[in-house]
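J.: There's a structure below that I have some questions on.
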Amino acid sequence: MLVLLILHLVAALVAPLLVRWWGSRACYPLALAPAAAFGWALVHTPDVADGGAVVQTYPWIPQLGLDIALRATTLSWLMTLLVGGIGALVLVYSARYFHPGSLGLARFAAVLVAFAGAMLGLVLADDLLLLYVCWELTTVFSYLLIGHSTERRSSRWAAAQALTVTTLGGLALLVGIIMLGEHAGSYRWSVITERPLPGGAYLVTAVLLILAGALSKSAVLPFSAWLPVAMAAPTPVSAYLHAAAMVKAGVYLLGLLAPVLAAVGQWRPVVLVAGLVTMLAAGWAALRQDDLKLLLAYGTVSQLGLLTVVVGAGTPDAALAGLAMLLAHALFKAALFLVVGIVDHSTGTRDLRELSGLGRRTPLLAGVAVLAAASMAGLPPLVGFVAKEAVLAAFTDQPLVLAGLVAGTALTVAYSIRFCWGAFATRPDVADAAPGPVAASMLVPPALLAVAGLAVGPAAGALDHLFRPYADLFGTVGKDLALWHGLTPALGLSALAIAGGVALFALRGPLAPALARLRSPVGGQAWYEAVTHRFDRLAIQVTGATQRGSLPQYLGSILIVLAVLPGGAMLLTRPWRERLPLWDDPLQPVVVVVIAVAAVLAVGARRRLTAMLLVGVTGYGTAMLFVLYGAPDLALTQFLVETATIGVFVLVLRRLPECFSARPLRRSRWARRVVGAVVGVVAAGLALTAAGARREPTISEAFPELAVTGGYGRNVVNVTLVDIRAWDTMGELSVLVVAATGVASLIFQRSRTGPRPRRPEPTTRPRRKGRPVWLRGGSTLRERRRSIVLEVVTRLIFHTVVVFSFFLLFSGHNAPGGGFAGGLVASLALTVRYLAGGRYELAEAAPVGAGTVLGAGLAVSVGTGVVSLLVGGGVLESARVDLTLPLLGDFYVVTSLFFDVGVYLVVIGLVLDILRSLGAEVDRHIEAAGNSPGGLATEGRGAAREGGRAEPGARRGRGRAGGLRRGVAAGTQPEPDPARHHPARQRCQPAHPARRPVGAGSGRRRQRPRRHQ
């Protein structure tokens, strides 16, 4: 069975390539995948005929007790036949339905095969969680298939509606499965059926949630509106998803769970009421349709209601009849949808008001349609008659339900006749249609399905033998499947339903006003649109009320909710039990006081730089606590992270005003202090509560021994990162790469992987060819901004710091350090290099692109896991390699070192990306703005006024002697002094400017910058 699933996956992956080679004819080889499932089910018919099962189990996630548990019994065997057989016929049909160069054909073929594989996994899954995974896969694939025509708005809307409804039902199903699995102690359905389930409200709730998921998938009221709208999909999709496969998933789930859950709580009332109402309402709606495809769509909804009633009733006779109806419906409804596709393909219309004489011109097609429609109407000797009579016989002891079934069957007969009459009859008031030629490959699939319905009817005895093991799960079967039972009440009711359907069609003229008037006050589609519109309005209102563009407001809302809900629950329950020591070292409370004072002062700081430094004090204080608690590795990492964060703050603060808002914020500052203090207390309480709530020994107790025996290292922290929990680190690396890409994409306008810009050479002193320049002059920073001492010291220590980062990288397996700490040290070296010499200096220190470094780091880490898998080990499994070198002697290397190298590179790439986006790229934007005709070259003019020499690009025509003098000569007003008016250079105003003396500051003389002599 697993081979079948893999075969579908491989076929879906190669489908685009096959379509590129062979066009629509690629559907022929792709049909082999579902055909293989059909053949497998036929081969294993003897295994399930006597109540046996085909079982296969493969390990999946052993830590969670999840396996790929596959099990084929009578019900799943039947569904495998339908999914595989009809899927293969639909693919053969699609080879001529689509033109060779149809847009999106490759995607359609791949997704249809993938959907068949997901549906196959759903019906064969024994584990309910695996069933849910396949359930959601069918939802996603059906969304892609319904929205095949992406250029059409109706197609996109229909796909979105189907996805919304079935996904919400799927979420309810997931909750119900989890509740049921926890209640039963297992998610394996074969195990649950052998255990008695304790009743109660808990089980009833789980059952109702499962029913919500099943009914939404099978388009049963109140979830029916999405299926008629989904007819925007291509006809092969409708024939497969909406007649034979996807909509049967909900019915299949009901049939799977009914032997155990049918007697629980409200199962039967919900199933019977929802099914009957759906059958009658949709059947009446089908009589009002003029589009052949919509007529079949509402007919499908009606018969899904019938299947819900029969399969979910939970009695032996109903279960036997339900399987027969499941088979019959798949055969005739798939055939009829394929017939509609041929009619539309050959005539260009599906409107029955425009079709006439088609039966005379295409007698074979008409014969196929009449045969399938007769089975849908329940006429003998077709399988539809056998199934319908079994259904009526199963409910003879329930008069109310039986009356609803007879009325629904009469409606089915009426719209079956309407379909044949509208598509193939000759009417004098309508011009005869002129159909094109019908390809044999399009006619054969519906013909096979219709003939199968005719052949299976007389073989009802064989069906009874095959289906009885499923019915025996409910008890003793009283009535068998047969084409002729004699003159029985069921036969009389069947004849009554046929007569009623014929009468409804014959009186279609007089009944037309009633058909137009008798409709639900608000249709399902109107309900859906009204609900989604209300949600859209509510979302807009909530967004308008909360999304004000204020980061303090967002953060404050989050923190207040955190303090009220978890904090209030903690105060009410008081989960703490033991009295904890306040400190282990006398220095710890001193450090805590420093952290608290710095945090309080940071809230009241008015200058951004002051607040940043105070926040940095809290970070360094936390690192000191790590030191006092004996965690040098954590302390080292915290010190480095805090230092790197300060560097990033410096890059950001230079583009922000020097001070925070000058509004009177005294009250708000006190409110923020209170919120911060409360949240801090709540967070500390939650940490203590979480630590004290542990019931089992922590798994980290085994880490020290495991680090030595399995990871071959004594630094438990680093071995945990690169070996014990390497998968977590891999995920964090991926997040870092995505974050770096997101930061850079907001700022970069050029490639991140190409060569870095080189600094312009000074024109006053030509560089000798082949001779490196150790310390460059004024081509990087202006003289007034340069610090020769800083540049020299940076050049002297840069390589030493980089070498130290290598030391931390290589020694981190047994001593404090590791790839993360080493990468941060190297990143700080690059940061200091940039701060000392600008963006060109950074380009010389790191001549490769940040994207290249990030990609290389991620590739090295992933490659380490792949290599370990290729050599026969587990993914990311470490191995020890003993080496001997003449000078170093004997030593060993652990393969997880290469994973750590990837971490090292990713950290460097992240910081390098930040330096080049928030640093170098912002510098370039400033220069570009300064060189533009109307740009505000703040730095260029400021340097000229200070007498300094600006960079070559920023010096042209933007200094005082250039820009201002030309402005005066042209008779214009000089530009404002940026040193006085730029927000980053304004003095911080008091919190209450109204309390300042009137005129304070207004009499100050404007200090003109002195010209450099």
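Here's how to read the names in the structure tokens: chain A, B, ... by the order shown, residue numbers from 1 in each chain, ligand numbers from 1 in the order shown.
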Assign secondary structure with DSSP using the backbone only, and return the residues of stretch 783-831 of chain A in helix (DSSP H, G or I) as a PyMOL selection string.

T.: chain A and resi 783-785+788-811+819-831

J.: I need the chosen residues saved as a short mmCIF file (atom, residue, chain, number, x, y, z; two decimals), in the first residue's frame, with C-alpha atoms.

T.:
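Generated output (result.cif):
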data_model
loop_
_atom_site.label_atom_id
_atom_site.label_comp_id
_atom_site.auth_asym_id
_atom_site.auth_seq_id
_atom_site.Cartn_x
_atom_site.Cartn_y
_atom_site.Cartn_z
CA GLU A 783 38.57 64.32 8.03
CA ARG A 784 36.33 65.69 10.77
CA ARG A 785 34.64 62.29 11.12
CA ILE A 788 43.10 57.70 12.84
CA VAL A 789 43.69 56.00 16.19
CA LEU A 790 40.48 53.97 15.85
CA GLU A 791 41.35 52.99 12.29
CA VAL A 792 44.86 51.91 13.21
CA VAL A 793 43.75 49.98 16.28
CA THR A 794 40.99 48.32 14.26
CA ARG A 795 43.48 47.22 11.61
CA LEU A 796 45.81 45.91 14.30
CA ILE A 797 43.24 43.82 16.19
CA PHE A 798 40.93 42.78 13.35
CA HIS A 799 42.79 39.65 12.33
CA THR A 800 43.43 38.72 15.95
CA VAL A 801 39.72 38.90 16.69
CA VAL A 802 38.95 36.78 13.65
CA VAL A 803 41.53 34.21 14.76
CA PHE A 804 39.94 34.25 18.22
CA SER A 805 36.56 33.54 16.59
CA PHE A 806 38.14 30.48 14.94
CA PHE A 807 39.42 29.40 18.35
CA LEU A 808 35.92 29.64 19.80
CA LEU A 809 34.56 27.71 16.83
CA PHE A 810 36.99 24.81 17.09
CA SER A 811 37.18 24.66 20.89
CA GLY A 819 29.83 28.26 16.04
CA PHE A 820 27.28 30.77 17.32
CA ALA A 821 29.70 32.49 19.71
CA GLY A 822 32.54 32.39 17.16
CA GLY A 823 30.29 33.84 14.47
CA LEU A 824 29.27 36.68 16.79
CA VAL A 825 32.93 37.49 17.56
CA ALA A 826 33.79 37.60 13.85
CA SER A 827 30.69 39.70 13.23
CA LEU A 828 31.74 42.18 15.90
CA ALA A 829 35.11 42.46 14.19
CA LEU A 830 33.35 43.38 10.95
CA THR A 831 31.10 45.81 12.82
#

J.: Name the closest residue to A:Leu211 among the candidates A:Gly486, A:Gly604, A:Gly312, A:Gly84; distances are taken between atoms, counting only C-alpha atoms.

T.: A:Gly312

J.: Between A:Leu511, A:Val309, A:Ala740, A:Ala72, which residue has the minimum interatomic distance to A:Arg288, considering only C-alpha atoms?

T.: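 Checking each candidate against A:Arg288, we get A:Leu511 as the closest.
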
J.: Can you write out as a tab-separated table which residues of stretch 77-190 of chain A fall within 8 Å of stretch 435-444 of chain A, alongside each residue's closest atom pair and its distance in Å to one decimal, counting only C-alpha atoms and ordering rows by chain and ascending residue number?

T.:
residue	atom	partner	partner_atom	distance
A:Val92	CA	A:Ser441	CA	6.8
A:Tyr93	CA	A:Met442	CA	4.9
A:Ser94	CA	A:Met442	CA	7.7
A:Ala95	CA	A:Ser441	CA	7.9
A:Arg96	CA	A:Met442	CA	6.4
A:Tyr97	CA	A:Met442	CA	7.1

J.: Would you mind listing what lies within 8 Å of A:Ala920 as a PyMOL selection string, with only C-alpha atoms counted and same-chain residues fewer than 4 positions away left out?

T.: chain A and resi 838-839+915-916+924

J.: Those same residues, written as a CSV table (one decimal), in the first residue's frame with N, CA and C atoms?

T.:
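Saved file part00.csv follows:
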chain,number,residue,atom,x,y,z
A,838,GLY,N,33.8,52.9,7.4
A,838,GLY,CA,32.7,53.1,6.5
A,838,GLY,C,32.5,51.9,5.6
A,839,ARG,N,31.6,52.1,4.7
A,839,ARG,CA,31.2,50.9,3.9
A,839,ARG,C,32.2,50.4,3.0
A,915,LEU,N,24.7,44.9,8.5
A,915,LEU,CA,25.7,46.0,8.3
A,915,LEU,C,25.5,46.6,6.9
A,916,ARG,N,25.3,45.8,5.9
A,916,ARG,CA,25.2,46.3,4.6
A,916,ARG,C,23.8,46.9,4.3
A,924,ARG,N,24.8,54.7,1.2
A,924,ARG,CA,24.7,54.9,-0.2
A,924,ARG,C,23.4,55.7,-0.6

J.: What is the atom CA of A:Gly676-atom CA of A:Val603 distance in Å, reported with one decimal?

T.: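 Pair atom CA of A:Gly676 / atom CA of A:Val603 returns 8.9 Å.
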